[in-house]
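A.B. asks: For reference, the file entry-v3.txt (compact mmCIF, C-alpha atoms) is included below:
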```txt
# COMPACT_ATOMS: atom_id res chain seq x y z
CA MET A 1 72.66 149.30 51.57
CA SER A 2 73.52 146.07 53.36
CA GLU A 3 76.27 147.84 55.24
CA TRP A 4 73.84 150.49 56.41
CA VAL A 5 71.39 147.90 57.69
CA ALA A 6 74.11 146.10 59.60
CA ARG A 7 75.23 149.30 61.27
CA ASP A 8 71.68 150.26 62.11
CA SER A 9 70.87 146.87 63.62
CA GLY A 10 73.93 147.04 65.81
CA GLN A 11 72.62 150.13 67.54
CA ARG A 12 69.34 148.61 68.54
CA GLY A 13 69.44 146.07 71.31
CA ALA A 14 65.92 144.80 70.76
CA VAL A 15 66.68 143.79 67.21
CA GLU A 16 69.19 141.20 68.35
CA GLN A 17 66.58 139.28 70.31
CA GLU A 18 64.03 136.92 68.89
CA PRO A 19 60.66 138.62 68.65
CA HIS A 20 57.89 137.77 71.03
CA PRO A 21 55.78 134.94 69.61
CA ALA A 22 52.94 137.40 69.12
CA LEU A 23 55.12 139.52 66.89
CA ARG A 24 55.36 136.95 64.13
CA SER A 25 53.68 138.04 60.96
CA THR A 26 53.75 137.35 57.27
CA LEU A 27 56.64 139.76 56.97
CA SER A 28 59.97 137.97 57.26
CA ARG A 29 62.49 139.18 59.79
CA GLY A 30 64.86 140.25 57.02
CA GLN A 31 62.15 142.21 55.21
CA ALA A 32 61.08 143.88 58.43
CA GLU A 33 64.64 144.93 59.22
CA ASP A 34 65.17 146.19 55.71
CA THR A 35 61.96 148.25 55.83
CA ALA A 36 62.78 149.57 59.29
CA ALA A 37 66.20 150.70 58.04
CA VAL A 38 64.61 152.67 55.20
CA LEU A 39 62.07 154.26 57.55
CA ARG A 40 64.85 155.25 59.91
CA VAL A 41 66.65 157.11 57.12
CA VAL A 42 63.54 158.93 55.88
CA SER A 43 62.20 159.84 59.33
CA ASP A 44 63.24 163.44 58.87
CA PRO A 45 60.98 166.24 57.61
CA THR A 46 63.58 167.61 55.17
CA ARG A 47 64.28 164.20 53.65
CA LEU A 48 60.56 163.54 53.32
CA GLN A 49 60.15 166.89 51.63
CA ILE A 50 62.98 166.07 49.22
CA LEU A 51 61.34 162.74 48.41
CA SER A 52 58.00 164.47 47.97
CA LEU A 53 59.51 166.99 45.55
CA ILE A 54 61.15 164.22 43.54
CA HIS A 55 58.00 162.11 43.55
CA HIS A 56 55.77 164.96 42.46
CA SER A 57 58.14 166.41 39.86
CA ASP A 58 57.14 166.07 36.21
CA GLU A 59 60.01 163.75 35.31
CA ARG A 60 60.14 162.00 38.67
CA ARG A 61 63.75 163.12 38.98
CA ILE A 62 65.33 166.32 40.15
CA ARG A 63 68.64 168.21 40.43
CA VAL A 64 70.24 169.62 43.56
CA VAL A 65 69.69 173.14 42.28
CA ASP A 66 65.94 172.49 41.96
CA LEU A 67 65.86 171.28 45.54
CA THR A 68 67.85 174.17 47.02
CA ARG A 69 65.53 176.57 45.22
CA ALA A 70 62.34 174.83 46.34
CA LEU A 71 63.44 174.25 49.91
CA GLY A 72 65.39 177.44 50.54
CA LEU A 73 68.23 175.33 51.95
CA ARG A 74 71.95 175.55 51.28
CA GLN A 75 73.47 173.25 48.71
CA PRO A 76 75.69 171.34 51.19
CA THR A 77 72.62 170.55 53.33
CA VAL A 78 70.63 169.22 50.41
CA SER A 79 73.63 167.28 49.08
CA TYR A 80 74.17 165.71 52.48
CA HIS A 81 70.59 164.45 52.73
CA LEU A 82 70.78 163.12 49.17
CA LYS A 83 74.07 161.38 49.92
CA VAL A 84 72.61 159.61 52.95
CA MET A 85 69.51 158.53 51.04
CA ASN A 86 71.68 157.43 48.11
CA GLU A 87 73.88 155.29 50.36
CA ALA A 88 70.77 153.78 51.91
CA GLY A 89 69.54 152.71 48.48
CA ILE A 90 66.51 154.99 48.52
CA VAL A 91 67.57 157.57 45.97
CA SER A 92 69.57 156.98 42.78
CA ARG A 93 72.12 159.41 41.37
CA ASP A 94 72.48 159.74 37.62
CA PRO A 95 75.21 162.09 36.33
CA VAL A 96 74.25 163.82 33.09
CA GLY A 97 76.97 166.12 31.81
CA ARG A 98 77.96 168.39 34.65
CA GLU A 99 74.76 167.78 36.59
CA ALA A 100 73.40 164.88 38.61
CA TRP A 101 69.77 163.86 38.57
CA TYR A 102 68.27 162.21 41.61
CA ALA A 103 65.33 159.80 41.47
CA ILE A 104 63.65 157.36 43.83
CA VAL A 105 65.02 153.84 43.44
CA PRO A 106 62.25 151.79 41.73
CA GLN A 107 62.26 149.06 44.41
CA ARG A 108 61.53 151.71 47.05
CA LEU A 109 58.99 153.64 45.05
CA GLY A 110 55.95 151.77 46.35
CA MET A 111 56.92 152.29 49.95
CA ILE A 112 57.87 155.94 49.54
CA ALA A 113 54.72 156.70 47.54
CA ASP A 114 52.66 155.13 50.33
CA LEU A 115 54.39 157.26 52.94
CA LEU A 116 53.74 160.45 51.00
CA ARG A 117 50.07 159.69 50.42
CA MET B 1 55.27 171.80 57.87
CA THR B 2 52.97 170.23 60.39
CA ASP B 3 52.21 167.10 58.49
CA LEU B 4 55.71 166.36 57.29
CA ARG B 5 56.76 166.56 60.90
CA LEU B 6 54.03 164.15 61.91
CA LEU B 7 54.95 161.88 59.02
CA ALA B 8 58.60 161.98 60.11
CA ALA B 9 57.53 161.06 63.64
CA GLN B 10 55.43 158.21 62.28
CA ALA B 11 58.31 156.93 60.17
CA ALA B 12 60.62 157.12 63.19
CA ALA B 13 58.12 155.20 65.31
CA MET B 14 57.78 152.50 62.67
CA ALA B 15 61.54 152.19 62.03
CA ASP B 16 61.51 149.05 64.16
CA PRO B 17 61.06 145.52 62.83
CA ASP B 18 58.95 144.43 65.80
CA ARG B 19 56.54 147.32 65.37
CA LEU B 20 56.16 146.64 61.66
CA ARG B 21 55.25 143.04 62.43
CA LEU B 22 52.94 144.10 65.22
CA LEU B 23 51.19 146.56 62.92
CA ALA B 24 50.73 143.74 60.42
CA LEU B 25 48.97 141.73 63.12
CA VAL B 26 46.73 144.66 64.03
CA LEU B 27 45.91 145.35 60.38
CA THR B 28 44.97 141.77 59.71
CA ASP B 29 43.19 141.08 62.98
CA PRO B 30 39.63 139.84 62.42
CA SER B 31 38.28 142.02 65.26
CA SER B 32 40.00 145.04 63.65
CA GLN B 33 40.79 146.36 67.11
CA PRO B 34 42.78 143.78 69.08
CA THR B 35 43.79 144.38 72.69
CA ALA B 36 47.37 144.04 73.90
CA ALA B 37 46.35 140.94 75.86
CA TYR B 38 44.95 139.36 72.72
CA LEU B 39 48.07 140.19 70.73
CA ALA B 40 50.30 138.79 73.45
CA GLY B 41 48.31 135.56 73.24
CA SER B 42 48.62 133.21 76.16
CA PHE B 43 52.25 134.10 76.79
CA GLY B 44 51.46 136.64 79.46
CA ASP B 45 54.12 139.26 79.00
CA GLN B 46 52.29 142.22 77.55
CA VAL B 47 54.62 144.95 78.68
CA ALA B 48 56.68 145.15 75.50
CA ILE B 49 53.62 144.89 73.32
CA VAL B 50 51.79 147.65 75.19
CA ARG B 51 54.86 149.83 74.85
CA HIS B 52 54.98 149.30 71.09
CA LEU B 53 51.23 149.86 70.69
CA GLU B 54 51.32 153.03 72.76
CA ALA B 55 54.26 154.38 70.76
CA MET B 56 52.27 153.84 67.59
CA ALA B 57 49.20 155.46 69.15
CA ASP B 58 51.36 158.45 70.13
CA VAL B 59 51.94 159.24 66.46
CA TRP B 60 48.33 158.61 65.36
CA LEU B 61 48.90 155.25 63.77
CA LEU B 62 46.65 153.46 66.23
CA ALA B 63 43.57 154.72 68.01
CA ARG B 64 42.57 153.38 71.41
CA VAL B 65 39.00 152.18 71.47
CA GLY B 66 36.66 150.55 73.95
CA ASP B 67 37.39 150.18 77.65
CA PRO B 68 40.12 152.74 78.43
CA HIS B 69 41.79 150.34 80.89
CA THR B 70 42.10 147.51 78.39
CA PRO B 71 41.81 149.37 75.12
CA GLY B 72 41.58 147.81 71.72
CA TYR B 73 43.95 149.29 69.15
CA ARG B 74 42.42 150.24 65.85
CA PRO B 75 44.65 151.16 62.91
CA THR B 76 44.10 154.68 61.61
CA ALA B 77 43.85 155.67 57.97
CA ASP B 78 47.47 156.84 58.21
CA ALA B 79 48.53 153.40 59.40
CA ILE B 80 46.70 151.63 56.61
CA VAL B 81 47.74 153.95 53.79
CA ARG B 82 51.26 154.85 54.78
CA PHE B 83 52.51 151.72 56.50
CA GLY B 84 50.05 148.98 55.52
CA GLY B 85 52.10 147.86 52.56
CA ALA B 86 55.39 148.10 54.42
CA ALA B 87 54.03 146.15 57.39
CA ILE B 88 52.18 143.45 55.54
CA GLY B 89 54.80 143.02 52.87
CA ALA B 90 54.05 144.98 49.75
CA ALA B 91 54.28 143.39 46.36
CA PRO B 92 56.91 145.02 44.16
CA TYR B 93 55.66 148.28 42.74
CA ARG B 94 53.65 147.87 39.58
CA ASP B 95 52.41 150.44 37.12
CA GLY B 96 48.95 150.69 38.54
CA PRO B 97 46.46 148.85 40.66
CA VAL B 98 44.72 145.97 38.97
CA VAL B 99 41.31 145.94 40.55
CA ASP B 100 39.21 142.87 40.29
CA ALA B 101 36.56 142.89 42.96
CA GLY B 102 35.70 139.34 41.87
CA ASN B 103 34.31 137.33 44.73
CA HIS B 104 34.68 140.35 46.97
CA LYS B 105 31.86 142.06 45.16
CA GLN B 106 29.12 140.97 47.53
CA LEU B 107 31.13 141.98 50.56
CA MET B 108 31.97 145.33 49.03
CA ASP B 109 28.32 145.97 48.21
CA ARG B 110 27.49 145.35 51.84
CA VAL B 111 30.21 147.76 52.93
CA VAL B 112 28.74 150.40 50.61
CA ASP B 113 25.28 149.79 52.10
CA GLU B 114 26.52 150.15 55.65
CA LEU B 115 28.57 153.26 55.00
CA THR B 116 25.75 154.86 53.02
CA ASP B 117 23.56 154.45 56.09
CA ARG B 118 26.21 155.72 58.44
CA PHE B 119 27.08 158.83 56.44
CA SER B 120 23.57 159.46 55.09
CA GLU B 121 23.60 163.02 56.43
CA THR B 122 26.77 163.95 54.60
CA PHE B 123 27.28 161.80 51.52
CA GLY B 124 25.14 160.25 48.83
CA ARG B 125 25.44 156.61 47.89
CA GLU B 126 27.43 157.44 44.74
CA THR B 127 30.10 159.24 46.75
CA VAL B 128 30.37 156.41 49.24
CA GLU B 129 30.59 153.88 46.45
CA ARG B 130 33.30 155.85 44.69
CA PHE B 131 35.30 156.03 47.90
CA VAL B 132 34.95 152.35 48.63
CA ARG B 133 35.98 151.49 45.07
CA GLU B 134 38.94 153.86 45.22
CA SER B 135 40.03 152.55 48.61
CA TYR B 136 39.80 149.02 47.31
CA GLY B 137 41.93 150.01 44.35
CA LEU B 138 44.59 151.59 46.53
CA LEU B 139 44.83 148.53 48.73
CA ALA B 140 44.44 145.97 45.95
CA ASP B 141 47.78 147.13 44.63
CA ARG B 142 49.39 144.73 47.07
CA ALA B 143 48.96 141.08 46.35
CA SER B 144 49.82 140.15 49.93
CA VAL B 145 46.76 141.81 51.43
CA GLN B 146 44.20 140.16 49.14
CA ARG B 147 42.83 137.98 51.89
CA TYR B 148 42.06 140.92 54.12
CA LEU B 149 41.06 143.26 51.36
CA PRO B 150 37.35 143.58 52.18
CA ALA B 151 37.98 144.27 55.87
CA LEU B 152 40.82 146.69 55.18
CA THR B 153 38.82 148.46 52.50
CA ALA B 154 35.86 148.90 54.83
CA ARG B 155 38.04 150.37 57.53
CA PHE B 156 40.04 152.55 55.19
CA ALA B 157 36.98 153.92 53.39
CA THR B 158 35.28 154.61 56.73
CA ASP B 159 38.25 156.59 57.99
CA ARG B 160 38.54 158.58 54.79
CA LEU B 161 34.84 159.40 54.77
CA ALA B 162 34.92 160.38 58.44
CA ALA B 163 37.88 162.65 57.75
CA LEU B 164 36.05 164.23 54.84
CA ALA B 165 32.89 164.71 56.88
CA ALA B 166 34.86 166.88 59.29
CA PRO B 167 36.20 170.15 57.80
CA PHE B 168 40.01 170.21 57.43
CA ASN B 169 41.07 166.98 59.07
CA GLY B 170 42.75 165.72 55.93
CA VAL B 171 46.35 164.72 55.49
CA ASP B 172 48.39 167.23 53.60
CA ALA B 173 51.76 165.77 52.66
CA SER B 174 52.75 169.00 50.96
CA GLY B 175 53.22 170.44 54.41
CA SER B 176 50.46 172.72 55.57
CA LYS B 177 51.30 175.22 58.26
CA THR B 178 47.86 175.04 59.82
CA ILE B 179 47.77 173.79 63.36
CA SER B 180 45.91 170.51 63.20
CA ASP B 181 46.87 168.97 66.51
CA VAL B 182 47.18 170.20 70.05
CA LEU B 183 48.76 168.48 73.03
CA PHE B 184 47.60 169.51 76.50
CA VAL B 185 50.06 168.75 79.28
CA CYS B 186 49.72 169.10 83.03
CA VAL B 187 51.40 167.37 85.93
CA HIS B 188 49.12 164.40 86.57
CA ASN B 189 47.05 164.42 83.36
CA SER B 190 44.05 163.93 85.61
CA GLY B 191 42.57 167.43 85.79
CA ARG B 192 43.51 170.53 83.83
CA SER B 193 44.70 168.86 80.63
CA GLN B 194 41.61 166.63 80.67
CA ILE B 195 39.24 169.60 80.99
CA ALA B 196 41.04 171.44 78.19
CA ALA B 197 41.06 168.40 75.90
CA ALA B 198 37.40 167.58 76.54
CA ALA B 199 36.42 171.19 75.87
CA LEU B 200 38.37 171.40 72.63
CA ARG B 201 37.07 168.02 71.47
CA SER B 202 33.49 169.07 72.17
CA LEU B 203 34.06 172.18 70.05
CA VAL B 204 35.91 170.75 67.07
CA GLY B 205 35.12 167.04 66.82
CA ASN B 206 37.72 165.51 64.52
CA ARG B 207 38.83 168.80 62.99
CA VAL B 208 41.79 169.20 65.31
CA ARG B 209 43.61 166.24 66.81
CA VAL B 210 43.59 166.62 70.56
CA ARG B 211 45.80 164.74 72.96
CA THR B 212 46.77 164.93 76.61
CA ALA B 213 49.67 163.79 78.75
CA GLY B 214 51.07 164.33 82.23
CA SER B 215 54.65 164.74 83.42
CA THR B 216 53.86 162.36 86.30
CA PRO B 217 50.52 160.85 85.34
CA ALA B 218 48.02 159.83 87.98
CA GLY B 219 46.33 156.44 87.94
CA MET B 220 42.92 157.89 87.17
CA LEU B 221 40.96 161.05 86.53
CA ASP B 222 40.54 163.34 89.54
CA PRO B 223 37.05 162.51 90.94
CA GLY B 224 36.07 166.18 91.28
CA VAL B 225 37.11 166.87 87.71
CA ARG B 226 35.28 163.79 86.50
CA ASP B 227 32.08 164.98 88.21
CA GLU B 228 32.45 168.45 86.75
CA LEU B 229 33.01 167.07 83.24
CA ALA B 230 29.98 164.80 83.71
CA ARG B 231 27.90 167.80 84.76
CA ARG B 232 28.86 169.48 81.49
CA GLY B 233 28.20 166.32 79.48
CA MET B 234 31.88 166.04 78.55
CA ASP B 235 33.05 163.12 80.67
CA ARG B 236 33.13 160.78 77.69
CA LEU B 237 35.67 163.10 76.06
CA ALA B 238 38.28 162.56 78.77
CA GLU B 239 40.92 159.83 78.63
CA ILE B 240 43.03 157.69 80.90
CA PRO B 241 46.01 159.68 82.25
CA ARG B 242 49.08 159.04 80.14
CA PRO B 243 52.78 159.76 80.54
CA LEU B 244 54.37 162.58 78.61
CA THR B 245 56.91 161.20 76.16
CA GLU B 246 59.18 162.98 73.75
CA GLU B 247 57.46 161.02 71.02
CA VAL B 248 54.10 162.59 71.82
CA VAL B 249 55.61 166.07 71.78
CA ARG B 250 57.41 165.31 68.53
CA ALA B 251 54.12 164.45 66.85
CA SER B 252 52.40 167.66 68.00
CA SER B 253 52.51 171.06 66.40
CA MET B 254 51.18 172.91 69.42
CA VAL B 255 51.83 172.14 73.08
CA VAL B 256 49.83 173.76 75.86
CA THR B 257 51.38 173.27 79.29
CA MET B 258 49.62 173.87 82.58
CA GLY B 259 52.00 173.79 85.49
CA CYS B 260 54.37 171.04 84.41
CA GLY B 261 57.29 173.47 84.17
CA ASP B 262 60.59 172.01 83.08
CA ALA B 263 59.25 168.48 82.73
CA CYS B 264 57.93 169.18 79.23
CA PRO B 265 60.57 168.45 76.59
CA VAL B 266 61.08 171.51 74.41
CA LEU B 267 61.66 170.60 70.79
CA PRO B 268 62.32 173.13 68.05
CA GLY B 269 59.52 174.09 65.70
CA ARG B 270 56.61 173.43 68.05
CA ARG B 271 54.49 176.21 69.30
CA TYR B 272 54.48 176.24 73.10
CA VAL B 273 51.91 178.01 75.24
CA ASP B 274 51.78 177.98 79.02
CA TRP B 275 48.53 178.57 80.87
CA PRO B 276 48.88 179.56 84.51
CA VAL B 277 45.83 177.67 85.78
CA GLU B 278 45.30 176.37 89.31
CA ASP B 279 45.28 172.64 89.95
CA PRO B 280 41.69 171.48 90.61
CA ALA B 281 42.83 168.31 92.42
CA GLY B 282 41.13 167.95 95.78
CA ARG B 283 39.33 171.31 95.52
CA SER B 284 35.69 172.02 96.34
CA PRO B 285 33.09 171.55 93.57
CA ASP B 286 32.73 175.34 93.28
CA ASP B 287 36.48 175.78 92.84
CA VAL B 288 36.61 173.01 90.25
CA ARG B 289 33.74 174.66 88.39
CA ARG B 290 35.53 178.03 88.40
CA ILE B 291 38.80 176.46 87.20
CA ALA B 292 36.94 174.58 84.48
CA ASP B 293 35.28 177.83 83.37
CA GLU B 294 38.67 179.49 83.11
CA ILE B 295 40.19 176.62 81.13
CA ILE B 296 37.20 176.48 78.78
CA ASP B 297 37.47 180.24 78.16
CA ARG B 298 41.10 179.78 77.26
CA VAL B 299 40.22 176.91 74.93
CA HIS B 300 37.78 179.18 73.07
CA VAL B 301 40.49 181.79 72.60
CA LEU B 302 42.95 179.12 71.47
CA LEU B 303 40.48 177.77 68.92
CA ALA B 304 39.90 181.27 67.55
CA GLU B 305 43.67 181.58 67.09
CA ILE B 306 43.91 178.21 65.40
CA ASP B 307 41.08 179.10 63.05
CA ALA B 308 42.66 182.44 62.24
CA GLY B 309 45.61 180.45 60.85
CA PRO B 310 49.36 181.10 61.05
CA ASP B 311 50.73 184.54 61.72
```
Just give me the structure as structure tokens.
C.D. replies:
Amino acid sequence: MSEWVARDSGQRGAVEQEPHPALRSTLSRGQAEDTAAVLRVVSDPTRLQILSLIHHSDERRIRVVDLTRALGLRQPTVSYHLKVMNEAGIVSRDPVGREAWYAIVPQRLGMIADLLR
Amino acid sequence: MTDLRLLAAQAAAMADPDRLRLLALVLTDPSSQPTAAYLAGSFGDQVAIVRHLEAMADVWLLARVGDPHTPGYRPTADAIVRFGGAAIGAAPYRDGPVVDAGNHKQLMDRVVDELTDRFSETFGRETVERFVRESYGLLADRASVQRYLPALTARFATDRLAALAAPFNGVDASGSKTISDVLFVCVHNSGRSQIAAAALRSLVGNRVRVRTAGSTPAGMLDPGVRDELARRGMDRLAEIPRPLTEEVVRASSMVVTMGCGDACPVLPGRRYVDWPVEDPAGRSPDDVRRIADEIIDRVHVLLAEIDAGPD
């Protein structure tokens, strides 16, 4: 996660500068950057749909095969999106037998649930 | 997938630490609709702040209100619900909201009174009260917004009730295919797109989100067009000419272009329509009237298509 944030910050010139005095808020700089990094990763309709399917599933966790079926997408595409969200600390991966179950990381649940409201 | 696309555009717009902090300021502003000048304080440089605010307005997170030349920016329901917690600093997720109206009770009762008055033609007091309570519950989930809870609740409940009062203006995160927003684009955003937008707004109210932009926006509305819109009682439905950005297009499901040719960015998944309509700029009042008639006819046809739903 931290690696991802660092890479993301490097691409954005504005982030390096101190914010305008008017841009100070109760949110700390670190929190704001962390949140922005998550938003950047999920700012994609397919990823949002994956998160929505996980969030609204009965067990709050889902397998790749469920996602490919629901989305009509190929397995490599779904796996790629899950991999990116897993590396960004948004989605957890839990291998059970020969399958892996994906869920929303508890610390991100509030934010993701808000987005999907 | 209209709304997932809009949501993705909103998330992309807010994936910026400065914007998150700016949204926090807007959300917690006592006036509830601060201007860029106010947000910039006495430091003068408003350019960056205006740019951020406009980017958020492009994806429906802020609404411009008041004087179009120095607008106030009012957070939308989307901004409050989807990004309020992220911007203000959400408390860690808990199992459910713990609602204790406590000393907020008096304030909340007053909010219920006011909203009951305002929506008296559509909702009974019980409905309004339920919405205010529910909105309070949703927002109370975050310890960090306690101080602003009454003001945020009032705004949030108002937006939700207003959305309900209009037929399908709701947010559908499951991804509805219905066209719920239209972007009208012309060259200067001072004539054709303004007529089209004003006409559609007058027909649908809040039911369809209507926006305009110009590939090379003029400084103000064309005077002839302004007079013609005034004659039809639609001048208040026009806006200040705005530049066409990729962000605006990204947040739209349907784009109607009128003579801006290649300048309109073409993004996959949007429905594009081009209307070959003459430019009313500098034309005689009769010509402007004829052009307006033609545009308004086209808007009626467009609305019929939108209402008929997807193919």
A.B. asks: Work out how far CA of Val38 (chain A) is from CA of Leu62 (chain B), in Å to one decimal.
C.D. replies: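 If I compute the distance from CA of Leu62 (chain B) to CA of Val38 (chain A), I get 21.1 Å.
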A.B. asks: Please return, as JSON, numbers by chain, all residues of chain B lying within 6 Å of chain A when all atoms listed in the file are considered.
C.D. replies: {"B": [4, 5, 8, 11, 12, 15, 16, 17, 21, 22, 39, 40, 82, 88, 89, 93, 173]}
A.B. asks: Do you have the CA of His104 (chain B)-CA of Leu23 (chain B) distance handy?
C.D. replies: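 Between CA of His104 (chain B) and CA of Leu23 (chain B) the gap is 23.8 Å.
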A.B. asks: So what do you get for CA of His188 (chain B) versus CA of Ala213 (chain B), distance-wise?
C.D. replies: 7.9 Å
A.B. asks: Write out as a list in words the residues lying within 9 Å of Ala103 (chain A), counting only C-alpha atoms and excluding same-chain residues fewer than 5 positions away.
C.D. replies: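 That gives Leu51, Ile54, His55, Arg60, Arg61, Ile62, Ile90, Val91, Ser92, Arg93 and Asp94 of chain A.
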A.B. asks: Rank B:Asp227, B:Asp293, B:Glu278, B:Glu129 by their smallest atom-to-atom distance to Asp117 (chain B), using all atoms listed in the file, and report the top residue only.
C.D. replies: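 Among B:Asp227, B:Asp293, B:Glu278, B:Glu129, it is B:Glu129 that comes nearest to Asp117 (chain B).
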A.B. asks: Please provide as a list in words all residues within 9 Å of Val112 (chain B), with the sequence filter that same-chain residues fewer than 4 positions apart are discarded (counting all atoms listed in the file).
C.D. replies: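 Contacts, in chain order: Leu107, Met108, Thr116, Asp117, Arg125, Val128, Glu129, Val132 and Ala154 of chain B.
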A.B. asks: Which residue out of B:Leu25, B:Leu229, B:Val256, B:Ala251 has the minimum interatomic distance to Ala13 (chain B) when all atoms listed in the file are used?
C.D. replies: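 Once distances to Ala13 (chain B) are computed over all atoms listed in the file, the minimum belongs to B:Ala251.
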A.B. asks: Can you find the residues with an atom no farther than 10 Å from (38.3, 152.6, 56.2), counting all atoms listed in the file, and report them as a list in words?
C.D. replies: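 Residues satisfying the cut-off, written out: Pro75, Thr76, Ala77, Ile80, Val81, Val111, Leu115, Phe131, Val132, Ser135, Tyr136, Pro150, Ala151, Leu152, Thr153, Ala154, Arg155, Phe156, Ala157, Thr158, Asp159, Arg160, Leu161 and Ala162 of chain B.
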A.B. asks: Work out where the centre of an axis-aligned box around every listed atom of region 205-215 of chain B lies and how long its edges are once 6 Å is added on each side; give both in Å to one decimal as AutoDock Vina command-line options.
C.D. replies:
```
--center_x 44.9 --center_y 166.5 --center_z 73.2 --size_x 31.5 --size_y 17.4 --size_z 32.4
```
A.B. asks: Using all atoms listed in the file, which residue out of B:Val65, B:Leu53, B:Val249, B:Leu7 lies closest to Ala36 (chain B)?
C.D. replies: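 When distances to Ala36 (chain B) are compared using all atoms listed in the file, the smallest one comes from B:Leu53.
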A.B. asks: Here's a test: counting only C-alpha atoms, identify every protein, DNA and RNA residue with an atom at most 12 Å from (35.2, 163.0, 73.0) in the file's coordinate frame, and state them as a ChimeraX atom specification.
C.D. replies: /B:65,194-206,208-211,229,233-239
A.B. asks: Can I get a file of region 86-100 of chain A from the given structure, N, CA and C atoms kept, as a PDB file, in the first residue's frame?
C.D. replies:
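Saved the output as selection-v3.pdb:
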```pdb
ATOM      1  N   ASN A  86      -6.074  -5.321  -4.713  1.00  0.00           N
ATOM      2  CA  ASN A  86      -5.441  -6.034  -3.614  1.00  0.00           C
ATOM      3  C   ASN A  86      -4.118  -5.371  -3.229  1.00  0.00           C
ATOM      4  N   GLU A  87      -3.333  -5.013  -4.224  1.00  0.00           N
ATOM      5  CA  GLU A  87      -2.045  -4.359  -3.959  1.00  0.00           C
ATOM      6  C   GLU A  87      -2.241  -2.981  -3.342  1.00  0.00           C
ATOM      7  N   ALA A  88      -3.359  -2.353  -3.646  1.00  0.00           N
ATOM      8  CA  ALA A  88      -3.632  -1.024  -3.089  1.00  0.00           C
ATOM      9  C   ALA A  88      -4.270  -1.109  -1.700  1.00  0.00           C
ATOM     10  N   GLY A  89      -4.428  -2.332  -1.198  1.00  0.00           N
ATOM     11  CA  GLY A  89      -4.979  -2.478   0.147  1.00  0.00           C
ATOM     12  C   GLY A  89      -6.465  -2.217   0.244  1.00  0.00           C
ATOM     13  N   ILE A  90      -7.179  -2.391  -0.861  1.00  0.00           N
ATOM     14  CA  ILE A  90      -8.617  -2.136  -0.853  1.00  0.00           C
ATOM     15  C   ILE A  90      -9.387  -3.452  -0.726  1.00  0.00           C
ATOM     16  N   VAL A  91      -8.839  -4.480  -1.366  1.00  0.00           N
ATOM     17  CA  VAL A  91      -9.509  -5.776  -1.404  1.00  0.00           C
ATOM     18  C   VAL A  91      -8.565  -6.824  -0.823  1.00  0.00           C
ATOM     19  N   SER A  92      -9.097  -7.711   0.026  1.00  0.00           N
ATOM     20  CA  SER A  92      -8.266  -8.783   0.573  1.00  0.00           C
ATOM     21  C   SER A  92      -8.481 -10.066  -0.209  1.00  0.00           C
ATOM     22  N   ARG A  93      -7.474 -10.933  -0.206  1.00  0.00           N
ATOM     23  CA  ARG A  93      -7.553 -12.191  -0.927  1.00  0.00           C
ATOM     24  C   ARG A  93      -7.358 -13.319   0.082  1.00  0.00           C
ATOM     25  N   ASP A  94      -8.303 -14.224   0.113  1.00  0.00           N
ATOM     26  CA  ASP A  94      -8.268 -15.292   1.105  1.00  0.00           C
ATOM     27  C   ASP A  94      -8.394 -16.643   0.404  1.00  0.00           C
ATOM     28  N   PRO A  95      -7.259 -17.368   0.239  1.00  0.00           N
ATOM     29  CA  PRO A  95      -7.336 -18.661  -0.457  1.00  0.00           C
ATOM     30  C   PRO A  95      -8.032 -19.704   0.417  1.00  0.00           C
ATOM     31  N   VAL A  96      -9.037 -20.351  -0.171  1.00  0.00           N
ATOM     32  CA  VAL A  96      -9.716 -21.445   0.525  1.00  0.00           C
ATOM     33  C   VAL A  96      -9.701 -22.629  -0.424  1.00  0.00           C
ATOM     34  N   GLY A  97      -8.907 -23.656  -0.081  1.00  0.00           N
ATOM     35  CA  GLY A  97      -8.765 -24.776  -1.008  1.00  0.00           C
ATOM     36  C   GLY A  97      -8.176 -24.300  -2.315  1.00  0.00           C
ATOM     37  N   ARG A  98      -8.845 -24.615  -3.399  1.00  0.00           N
ATOM     38  CA  ARG A  98      -8.318 -24.230  -4.711  1.00  0.00           C
ATOM     39  C   ARG A  98      -8.859 -22.883  -5.167  1.00  0.00           C
ATOM     40  N   GLU A  99      -9.712 -22.276  -4.340  1.00  0.00           N
ATOM     41  CA  GLU A  99     -10.319 -21.007  -4.737  1.00  0.00           C
ATOM     42  C   GLU A  99      -9.835 -19.869  -3.847  1.00  0.00           C
ATOM     43  N   ALA A 100      -9.982 -18.653  -4.359  1.00  0.00           N
ATOM     44  CA  ALA A 100      -9.657 -17.480  -3.544  1.00  0.00           C
ATOM     45  C   ALA A 100     -10.914 -16.630  -3.395  1.00  0.00           C
TER      46      ALA A 100
END
```
